[in-house]
Structure formats: structure tokens, C-alpha cells
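Here is coords36.tsv, consisting of TSV, C-alpha atoms and all ligand atoms:
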```tsv
chain	number	residue	atom	x	y	z
A	18	MET	CA	62.86	91.01	-287.64
A	19	ARG	CA	64.87	87.83	-287.73
A	20	ALA	CA	68.64	88.15	-287.42
A	21	LEU	CA	70.98	85.32	-288.34
A	22	LEU	CA	73.93	85.30	-285.92
A	23	LEU	CA	77.27	83.99	-287.15
A	24	SER	CA	80.54	84.06	-285.23
A	25	ASP	CA	84.06	82.64	-285.30
A	26	ILE	CA	83.89	81.12	-288.76
A	27	HIS	CA	87.70	81.01	-288.77
A	28	ALA	CA	88.14	80.40	-292.49
A	29	ASN	CA	86.35	77.04	-292.32
A	30	LEU	CA	84.59	76.95	-295.70
A	31	GLU	CA	83.08	73.49	-295.20
A	32	ALA	CA	81.41	74.50	-291.93
A	33	LEU	CA	80.12	77.78	-293.38
A	34	THR	CA	78.74	76.03	-296.47
A	35	ALA	CA	76.88	73.49	-294.33
A	36	VAL	CA	75.42	76.28	-292.19
A	37	LEU	CA	74.21	78.23	-295.21
A	38	GLU	CA	72.45	75.15	-296.56
A	39	VAL	CA	70.18	74.98	-293.49
A	40	VAL	CA	69.78	78.56	-292.27
A	41	PRO	CA	66.15	79.48	-291.65
A	42	GLU	CA	64.52	82.50	-293.24
A	43	HIS	CA	66.03	85.74	-291.92
A	44	ASP	CA	66.09	89.47	-292.65
A	45	VAL	CA	69.62	90.41	-291.62
A	46	VAL	CA	72.95	88.76	-290.80
A	47	TRP	CA	74.99	89.91	-287.80
A	48	ASN	CA	78.55	88.62	-287.78
A	49	LEU	CA	80.40	88.70	-284.46
A	50	GLY	CA	83.97	88.43	-285.75
A	51	ASP	CA	86.90	86.10	-286.38
A	52	VAL	CA	85.93	85.48	-289.98
A	53	VAL	CA	89.50	84.26	-290.57
A	54	GLY	CA	92.40	82.65	-288.70
A	55	TYR	CA	93.03	78.90	-288.11
A	56	GLY	CA	91.21	77.54	-291.19
A	57	ALA	CA	92.46	76.99	-294.73
A	58	ASN	CA	90.09	79.12	-296.83
A	59	PRO	CA	90.25	82.74	-295.69
A	60	ASN	CA	89.66	84.35	-299.11
A	61	GLU	CA	86.72	82.11	-300.03
A	62	VAL	CA	85.10	82.61	-296.63
A	63	ILE	CA	85.45	86.41	-296.84
A	64	ASP	CA	83.89	86.39	-300.33
A	65	CYS	CA	81.00	84.35	-298.99
A	66	VAL	CA	80.24	86.37	-295.84
A	67	ARG	CA	80.43	89.69	-297.67
A	68	GLN	CA	77.57	88.54	-299.87
A	69	LEU	CA	75.45	87.77	-296.81
A	70	GLY	CA	75.33	91.31	-295.43
A	71	ASN	CA	77.38	94.14	-294.06
A	72	THR	CA	76.99	94.05	-290.29
A	73	PHE	CA	80.27	92.91	-288.77
A	74	VAL	CA	82.31	93.46	-285.66
A	75	ARG	CA	85.96	92.55	-285.92
A	76	GLY	CA	87.59	89.76	-283.94
A	77	ASN	CA	91.11	89.51	-282.58
A	78	HIS	CA	92.09	87.15	-285.40
A	79	ASP	CA	90.62	89.48	-288.05
A	80	ARG	CA	92.73	92.27	-286.55
A	81	ALA	CA	95.93	90.20	-286.42
A	82	CYS	CA	95.52	88.70	-289.90
A	83	CYS	CA	95.22	92.12	-291.55
A	84	GLY	CA	98.15	93.62	-289.66
A	85	LEU	CA	96.19	95.92	-287.33
A	86	SER	CA	97.68	94.20	-284.31
A	87	ASP	CA	100.77	92.08	-283.88
A	88	VAL	CA	100.62	88.40	-283.00
A	89	SER	CA	102.87	88.50	-279.94
A	90	ASP	CA	100.01	87.72	-277.53
A	91	PHE	CA	98.89	84.70	-279.60
A	92	ASN	CA	99.99	81.18	-278.70
A	93	PRO	CA	102.51	79.67	-281.15
A	94	ILE	CA	99.86	77.76	-283.13
A	95	ALA	CA	97.54	80.75	-283.49
A	96	ARG	CA	100.56	82.88	-284.41
A	97	ARG	CA	101.60	80.51	-287.19
A	98	ALA	CA	98.05	80.44	-288.53
A	99	ALA	CA	97.76	84.24	-288.43
A	100	ARG	CA	101.05	84.66	-290.32
A	101	TRP	CA	99.95	82.08	-292.90
A	102	THR	CA	96.59	83.84	-293.30
A	103	ARG	CA	98.23	87.24	-293.66
A	104	ALA	CA	100.37	85.87	-296.49
A	105	MET	CA	97.40	84.26	-298.24
A	106	LEU	CA	94.90	87.13	-298.10
A	107	THR	CA	94.35	89.22	-301.21
A	108	GLU	CA	95.02	92.94	-300.89
A	109	GLU	CA	91.29	93.64	-301.20
A	110	HIS	CA	90.43	91.20	-298.42
A	111	THR	CA	93.14	92.62	-296.18
A	112	GLN	CA	91.68	96.10	-296.63
A	113	TRP	CA	88.18	94.79	-295.97
A	114	LEU	CA	89.30	93.22	-292.69
A	115	GLN	CA	91.00	96.49	-291.73
A	116	SER	CA	87.71	98.31	-292.26
A	117	LEU	CA	85.63	96.15	-289.90
A	118	ALA	CA	83.98	97.92	-286.95
A	119	THR	CA	85.34	97.71	-283.45
A	120	GLY	CA	82.55	96.52	-281.17
A	121	PRO	CA	80.26	97.16	-279.47
A	122	ILE	CA	77.79	97.97	-282.24
A	123	GLN	CA	74.02	98.31	-282.06
A	124	PRO	CA	72.79	97.05	-285.43
A	125	ASP	CA	69.08	97.52	-284.64
A	126	GLY	CA	69.04	100.74	-282.64
A	127	PRO	CA	69.24	100.80	-278.85
A	128	THR	CA	67.79	97.31	-278.36
A	129	VAL	CA	70.63	94.90	-279.07
A	130	THR	CA	74.41	95.05	-278.71
A	131	CYS	CA	76.84	92.94	-280.77
A	132	VAL	CA	80.46	92.44	-279.71
A	133	HIS	CA	83.27	89.98	-280.33
A	134	GLY	CA	84.51	89.54	-276.74
A	135	SER	CA	82.56	91.75	-274.33
A	136	PRO	CA	80.79	95.13	-274.39
A	137	LEU	CA	83.60	96.44	-272.16
A	138	ASP	CA	86.59	94.99	-274.03
A	139	GLU	CA	86.64	93.44	-277.49
A	140	ASP	CA	89.28	90.90	-276.40
A	141	GLN	CA	87.71	89.77	-273.11
A	142	TYR	CA	86.62	86.11	-272.80
A	143	LEU	CA	83.24	85.63	-271.14
A	144	LEU	CA	83.50	82.03	-269.98
A	145	THR	CA	81.85	82.16	-266.56
A	146	VAL	CA	79.00	83.97	-264.84
A	147	ARG	CA	81.68	85.87	-262.97
A	148	ASP	CA	83.20	87.08	-266.26
A	149	ALA	CA	79.78	88.06	-267.63
A	150	TRP	CA	78.49	89.89	-264.55
A	151	GLN	CA	80.06	93.32	-265.05
A	152	PRO	CA	79.70	93.50	-268.85
A	153	LEU	CA	76.06	92.47	-268.65
A	154	CYS	CA	75.25	94.95	-265.87
A	155	GLN	CA	77.01	97.78	-267.69
A	156	SER	CA	75.91	97.13	-271.26
A	157	GLU	CA	73.53	99.74	-272.67
A	158	THR	CA	71.08	97.11	-273.89
A	159	ARG	CA	69.19	94.22	-272.34
A	160	ILE	CA	70.07	91.80	-275.12
A	161	ASN	CA	73.69	91.26	-276.09
A	162	PHE	CA	75.37	88.89	-278.52
A	163	PHE	CA	79.01	87.91	-278.25
A	164	GLY	CA	81.50	85.39	-279.68
A	165	HIS	CA	85.21	84.78	-279.00
A	166	THR	CA	84.84	81.85	-276.57
A	167	HIS	CA	83.51	79.41	-279.23
A	168	VAL	CA	81.03	78.14	-276.64
A	169	GLN	CA	77.34	78.20	-277.60
A	170	GLY	CA	74.90	79.53	-275.01
A	171	GLY	CA	75.54	82.32	-272.57
A	172	PHE	CA	74.34	84.05	-269.43
A	173	ALA	CA	71.23	85.77	-268.12
A	174	THR	CA	70.03	87.59	-265.04
A	175	ASN	CA	66.61	88.62	-263.79
A	176	GLY	CA	68.20	91.14	-261.44
A	177	GLU	CA	68.31	88.72	-258.52
A	178	GLU	CA	69.66	85.45	-259.85
A	179	TRP	CA	72.20	84.62	-262.54
A	180	PHE	CA	71.91	81.77	-264.97
A	181	ARG	CA	74.26	79.98	-267.29
A	182	LEU	CA	72.46	79.04	-270.50
A	183	ALA	CA	73.39	76.03	-272.61
A	184	PRO	CA	71.26	74.55	-275.38
A	185	GLN	CA	70.23	70.94	-274.79
A	186	TYR	CA	70.64	68.55	-277.72
A	187	GLY	CA	69.80	64.90	-278.15
A	188	THR	CA	72.60	63.80	-280.44
A	189	ARG	CA	76.14	64.67	-281.44
A	190	ASP	CA	75.87	63.92	-285.13
A	191	GLN	CA	72.62	65.31	-286.59
A	192	PHE	CA	71.16	68.68	-287.45
A	193	GLU	CA	69.42	70.02	-284.35
A	194	SER	CA	67.93	73.20	-282.98
A	195	TYR	CA	67.05	74.47	-279.52
A	196	GLU	CA	64.66	77.36	-279.00
A	197	MET	CA	64.94	79.64	-276.00
A	198	ASP	CA	62.37	82.26	-274.90
A	199	LEU	CA	63.67	85.69	-273.96
A	200	ARG	CA	61.83	86.74	-270.81
A	201	ASP	CA	60.61	90.29	-270.22
A	202	GLY	CA	62.93	92.30	-268.04
A	203	ALA	CA	65.79	89.78	-267.99
A	204	ARG	CA	69.22	90.71	-269.36
A	205	TYR	CA	71.02	88.37	-271.75
A	206	MET	CA	74.56	87.80	-272.97
A	207	LEU	CA	74.27	85.17	-275.71
A	208	ASN	CA	76.82	83.41	-277.89
A	209	PRO	CA	75.65	81.74	-281.14
A	210	GLY	CA	78.70	79.47	-280.90
A	211	SER	CA	81.47	79.08	-283.43
A	212	VAL	CA	80.75	78.14	-287.02
A	213	GLY	CA	84.25	76.98	-287.83
A	214	GLN	CA	85.99	75.86	-284.63
A	215	PRO	CA	83.59	74.92	-281.80
A	216	ARG	CA	85.18	74.45	-278.36
A	217	ASP	CA	82.21	73.24	-276.34
A	218	GLY	CA	82.83	69.56	-276.94
A	219	ASP	CA	80.46	69.40	-279.92
A	220	TRP	CA	82.17	69.32	-283.31
A	221	ARG	CA	79.09	70.42	-285.28
A	222	ALA	CA	79.04	73.96	-286.72
A	223	ALA	CA	77.09	76.36	-284.48
A	224	PHE	CA	74.94	79.40	-285.20
A	225	ALA	CA	71.77	81.09	-283.92
A	226	LEU	CA	68.69	83.04	-284.98
A	227	TYR	CA	67.25	85.99	-283.02
A	228	ASP	CA	63.57	86.81	-283.54
A	229	ASP	CA	62.53	90.12	-281.96
A	230	GLN	CA	58.80	89.54	-282.61
A	231	ALA	CA	58.64	86.04	-281.14
A	232	HIS	CA	61.15	87.04	-278.40
A	233	THR	CA	63.22	83.95	-279.00
A	234	VAL	CA	66.77	82.93	-279.77
A	235	THR	CA	67.12	79.57	-281.48
A	236	PHE	CA	70.46	77.78	-281.36
A	237	TYR	CA	71.51	75.35	-284.08
A	238	ARG	CA	74.13	72.63	-284.64
A	239	VAL	CA	74.93	71.32	-288.10
A	240	PRO	CA	77.17	68.41	-289.09
A	241	TYR	CA	79.62	69.28	-291.86
A	242	ASP	CA	82.43	67.70	-293.86
A	243	VAL	CA	84.99	67.97	-291.09
A	244	HIS	CA	87.31	65.52	-292.85
A	245	LEU	CA	87.62	67.82	-295.86
A	246	ALA	CA	88.24	70.84	-293.61
A	247	GLN	CA	91.00	68.87	-291.85
A	248	THR	CA	92.56	67.76	-295.13
A	249	ARG	CA	92.68	71.35	-296.35
A	250	ILE	CA	94.36	72.52	-293.13
A	251	LEU	CA	97.01	69.79	-293.39
A	252	SER	CA	97.61	70.34	-297.13
A	253	ALA	CA	98.06	74.06	-296.49
A	254	GLY	CA	100.90	73.28	-294.08
A	255	LEU	CA	99.01	74.74	-291.12
A	256	PRO	CA	99.68	73.13	-287.68
A	257	ASP	CA	98.22	69.59	-287.28
A	258	ARG	CA	96.60	70.57	-284.02
A	259	LEU	CA	94.22	72.90	-285.92
A	260	ALA	CA	92.93	69.92	-287.90
A	261	ILE	CA	92.71	67.50	-284.96
A	262	ARG	CA	90.78	69.85	-282.69
A	263	LEU	CA	87.94	70.27	-285.21
A	264	ARG	CA	86.72	66.70	-284.72
A	265	ASP	CA	87.05	66.98	-280.94
A	266	GLY	CA	85.17	70.26	-280.77
A	267	ARG	CA	87.91	71.54	-278.45
A	301	ZN	ZN	87.61	83.01	-282.48
```
Would you give me this structure, written as C-alpha cells?
Amino acid sequence: MRALLLSDIHANLEALTAVLEVVPEHDVVWNLGDVVGYGANPNEVIDCVRQLGNTFVRGNHDRACCGLSDVSDFNPIARRAARWTRAMLTEEHTQWLQSLATGPIQPDGPTVTCVHGSPLDEDQYLLTVRDAWQPLCQSETRINFFGHTHVQGGFATNGEEWFRLAPQYGTRDQFESYEMDLRDGARYMLNPGSVGQPRDGDWRAAFALYDDQAHTVTFYRVPYDVHLAQTRILSAGLPDRLAIRLRDGR
């Protein structure tokens, strides 16, 4: 089985479109949350991802944009974007966001866990080995996929040592992939990266493919029409910072 992993699309239609033009053959799509928030095309992006499959965990922005949680813990820019998104969403899309599962979920039986933040807390950011240690030790499965940090890569342990995993790429402006073997017995916490608002210094849209027969996860980066995404954010009256950060990948 080959699972396409998408996370943190954040209503960026240009990035999602570019990803879908290059995705390799796959059997299922697992979406790790934050379909909306920040970007200018929440309704179009929801329409698109719903056609791809029905395995989703909700993100904190999904929750805030459909009114399931308030925006008081968001920074002022995220808050403005969430309020704008809430006003723009159709009733049907609002209800769809409200229906999304709270992670963790196990979309392929007791082999793989999918979460937005962490298996222990859907809002937790796993940015360091120290953050990942407890969730990875306590998760029910050996292989775990998460989002939320917008940083592609993740963490692994063989029981003795801990590793930070980051795909190695040769460029910053072309389509590239990086294949990683999953070793027997090791435990993994892996982030496909953010489709619509990367924060790892690389502006290209990120995603990943998990192959349970080949025992691999392949990470991808795809250039997209970032200028158009920025123009749409500015024309929508969303904060400038949301447009600027896309090109910086921060
Ligand atoms: Zn996010």
C-alpha cells in the first residue's frame, strides 16, 4: 500500500495544485490537518481535498475556522486569518471541518498512527528530539506521521540512540525527492512537511509518500506559483506577513 501524506495545506490552492500535478501513484491519501487558515482559497482547497479521499485528522486552524475553538490563543495575524476564513467558508464546508476526526487515528490498523501535533496532544509542537521523545515512546505504533510544525523530516530511535531526520536536497528551486528507508525495529515520528506554508527555510510545497511494502518514506519538494498565492492573499485583505513568509519558507 502506498499512502500519500498531505499536511498543513492552509488554503494555498496554488501549492496544492502543483503538488497534485506531480504526486506519484498511490492507493490512499492521509491528511494530517490544517486544510485551511492563512491562505486565500479555503473553499476551493476543501473541495479539492475531499475528492482525494476521506482520511483526515483535524488541525488547530481547522478547529478555529469552523468555530469549534476560539482564537484567543492565536497570534494576532493567525487570529485575523481565522476570522476571515470563518466568514468566507460555506455552511457545508464549515460543517465538514466540524466533522473531522480528532487525532490520533490509525488509518491502516495497528501499524501506523496519524496526528496533527502529537499522539499525546493534538496541539503539541514536536520541534526537537526532546519534544518527540515521550510521544514516540508512548505511541501505540512504531510508525507515526504528524504535521503542525511545517518542518519536513522528523525523528527516529533504535531504542538506544535518537536521530533527527531531514531530507537532503540539491537545489531550492526544482522538483526533488528524497527516499528514506524505514529500518526494522526502529520507531519513527515523521512529518511530510507543509504543502501551503513551509517553515523550514524552503519555500517549495512539501509532501511525502509512505510505502509499506518497500518500507520507505519518500519526501518531496515542488516549486509552485508562489507569486499568485501571494497576490491572492493580498487581494483578499489578509495580513501582508502571510504573503511575504511564503517566499521565505518561514
Ligand atoms: Zn499548520
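When only C-alpha atoms and all ligand atoms are used to measure the gap to ligand ZN 301 (chain A), the shortest distance among A:Leu245, A:Ala253, A:Leu137, A:Ile26 belongs to A:Ile26.
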*Find the residues near ligand ZN 301 (chain A). Use a cut-off of 8 Å, count only C-alpha atoms and all ligand atoms, and write them as a list in words.*
Ser24, Asp25, Ile26, His27, Gly50, Asp51, Gly54, Gly76, Asn77, His78, Gly164, His165, Thr166, His167, Ser211 and Gln214 of chain A
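Counting all atoms listed in the file, the residue from A:Ala260, A:Val132, A:Leu33, A:Leu49 that sits nearest to Gly120 (chain A) is A:Val132.
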*Of the candidates A:Met105, A:Leu207, A:Val62, A:Leu226, which one gets nearest to Val45 (chain A) if we count only C-alpha atoms?*
A:Leu226
*Would you list the residues near (65.5, 90.1, -293.6), meaning any protein, DNA or RNA residue with an atom at most 8 Å from that point in file coordinates, counting only C-alpha atoms, as a PyMOL selection string?*
chain A and resi 18-20+42-45
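Residue nearest Arg97 (chain A) within the list A:Leu259, A:Ala203, A:Val146, A:Ala223: A:Leu259 [criterion: smallest interatomic distance, all atoms listed in the file].
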*Residues at most 8 Å from Gly56 (chain A), counting all atoms listed in the file, excluding those fewer than 5 positions away in the same chain, as an MDAnalysis selection string?*
chainID A and resid 27:29 98 213 246 250 259
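In this structure, CA of Asp190 (chain A) sits 8.0 Å away from CA of Val239 (chain A).
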Provide region 123-134 of chain A rebuilt to N, CA, C and O atoms, formatted as a tab-separated table (two decimals), in the frame of the given file.
```
chain	number	residue	atom	x	y	z
A	123	GLN	N	75.45	98.54	-282.29
A	123	GLN	CA	74.02	98.31	-282.06
A	123	GLN	C	73.32	98.30	-283.41
A	123	GLN	O	72.89	99.33	-283.91
A	124	PRO	N	73.24	97.13	-284.04
A	124	PRO	CA	72.79	97.05	-285.43
A	124	PRO	C	71.30	97.29	-285.62
A	124	PRO	O	70.85	97.46	-286.74
A	125	ASP	N	70.53	97.33	-284.51
A	125	ASP	CA	69.08	97.52	-284.64
A	125	ASP	C	68.61	98.61	-283.69
A	125	ASP	O	67.58	98.48	-283.04
A	126	GLY	N	69.38	99.69	-283.60
A	126	GLY	CA	69.04	100.74	-282.64
A	126	GLY	C	69.34	100.29	-281.23
A	126	GLY	O	70.02	99.28	-281.03
A	127	PRO	N	68.82	101.05	-280.24
A	127	PRO	CA	69.24	100.80	-278.85
A	127	PRO	C	68.52	99.62	-278.20
A	127	PRO	O	68.01	99.72	-277.10
A	128	THR	N	68.47	98.49	-278.90
A	128	THR	CA	67.79	97.31	-278.36
A	128	THR	C	68.76	96.15	-278.16
A	128	THR	O	68.60	95.35	-277.24
A	129	VAL	N	69.73	96.06	-279.06
A	129	VAL	CA	70.63	94.90	-279.07
A	129	VAL	C	72.07	95.37	-279.28
A	129	VAL	O	72.31	96.26	-280.08
A	130	THR	N	72.99	94.75	-278.55
A	130	THR	CA	74.41	95.05	-278.71
A	130	THR	C	75.13	93.82	-279.26
A	130	THR	O	74.86	92.69	-278.81
A	131	CYS	N	76.01	94.02	-280.24
A	131	CYS	CA	76.84	92.94	-280.77
A	131	CYS	C	78.31	93.26	-280.51
A	131	CYS	O	78.77	94.38	-280.78
A	132	VAL	N	79.03	92.27	-279.99
A	132	VAL	CA	80.46	92.44	-279.71
A	132	VAL	C	81.19	91.16	-280.09
A	132	VAL	O	80.55	90.12	-280.29
A	133	HIS	N	82.51	91.22	-280.16
A	133	HIS	CA	83.27	89.98	-280.33
A	133	HIS	C	83.51	89.36	-278.95
A	133	HIS	O	83.06	88.25	-278.69
A	134	GLY	N	84.20	90.09	-278.06
A	134	GLY	CA	84.51	89.54	-276.74
A	134	GLY	C	83.48	89.93	-275.69
A	134	GLY	O	82.72	89.11	-275.20
```
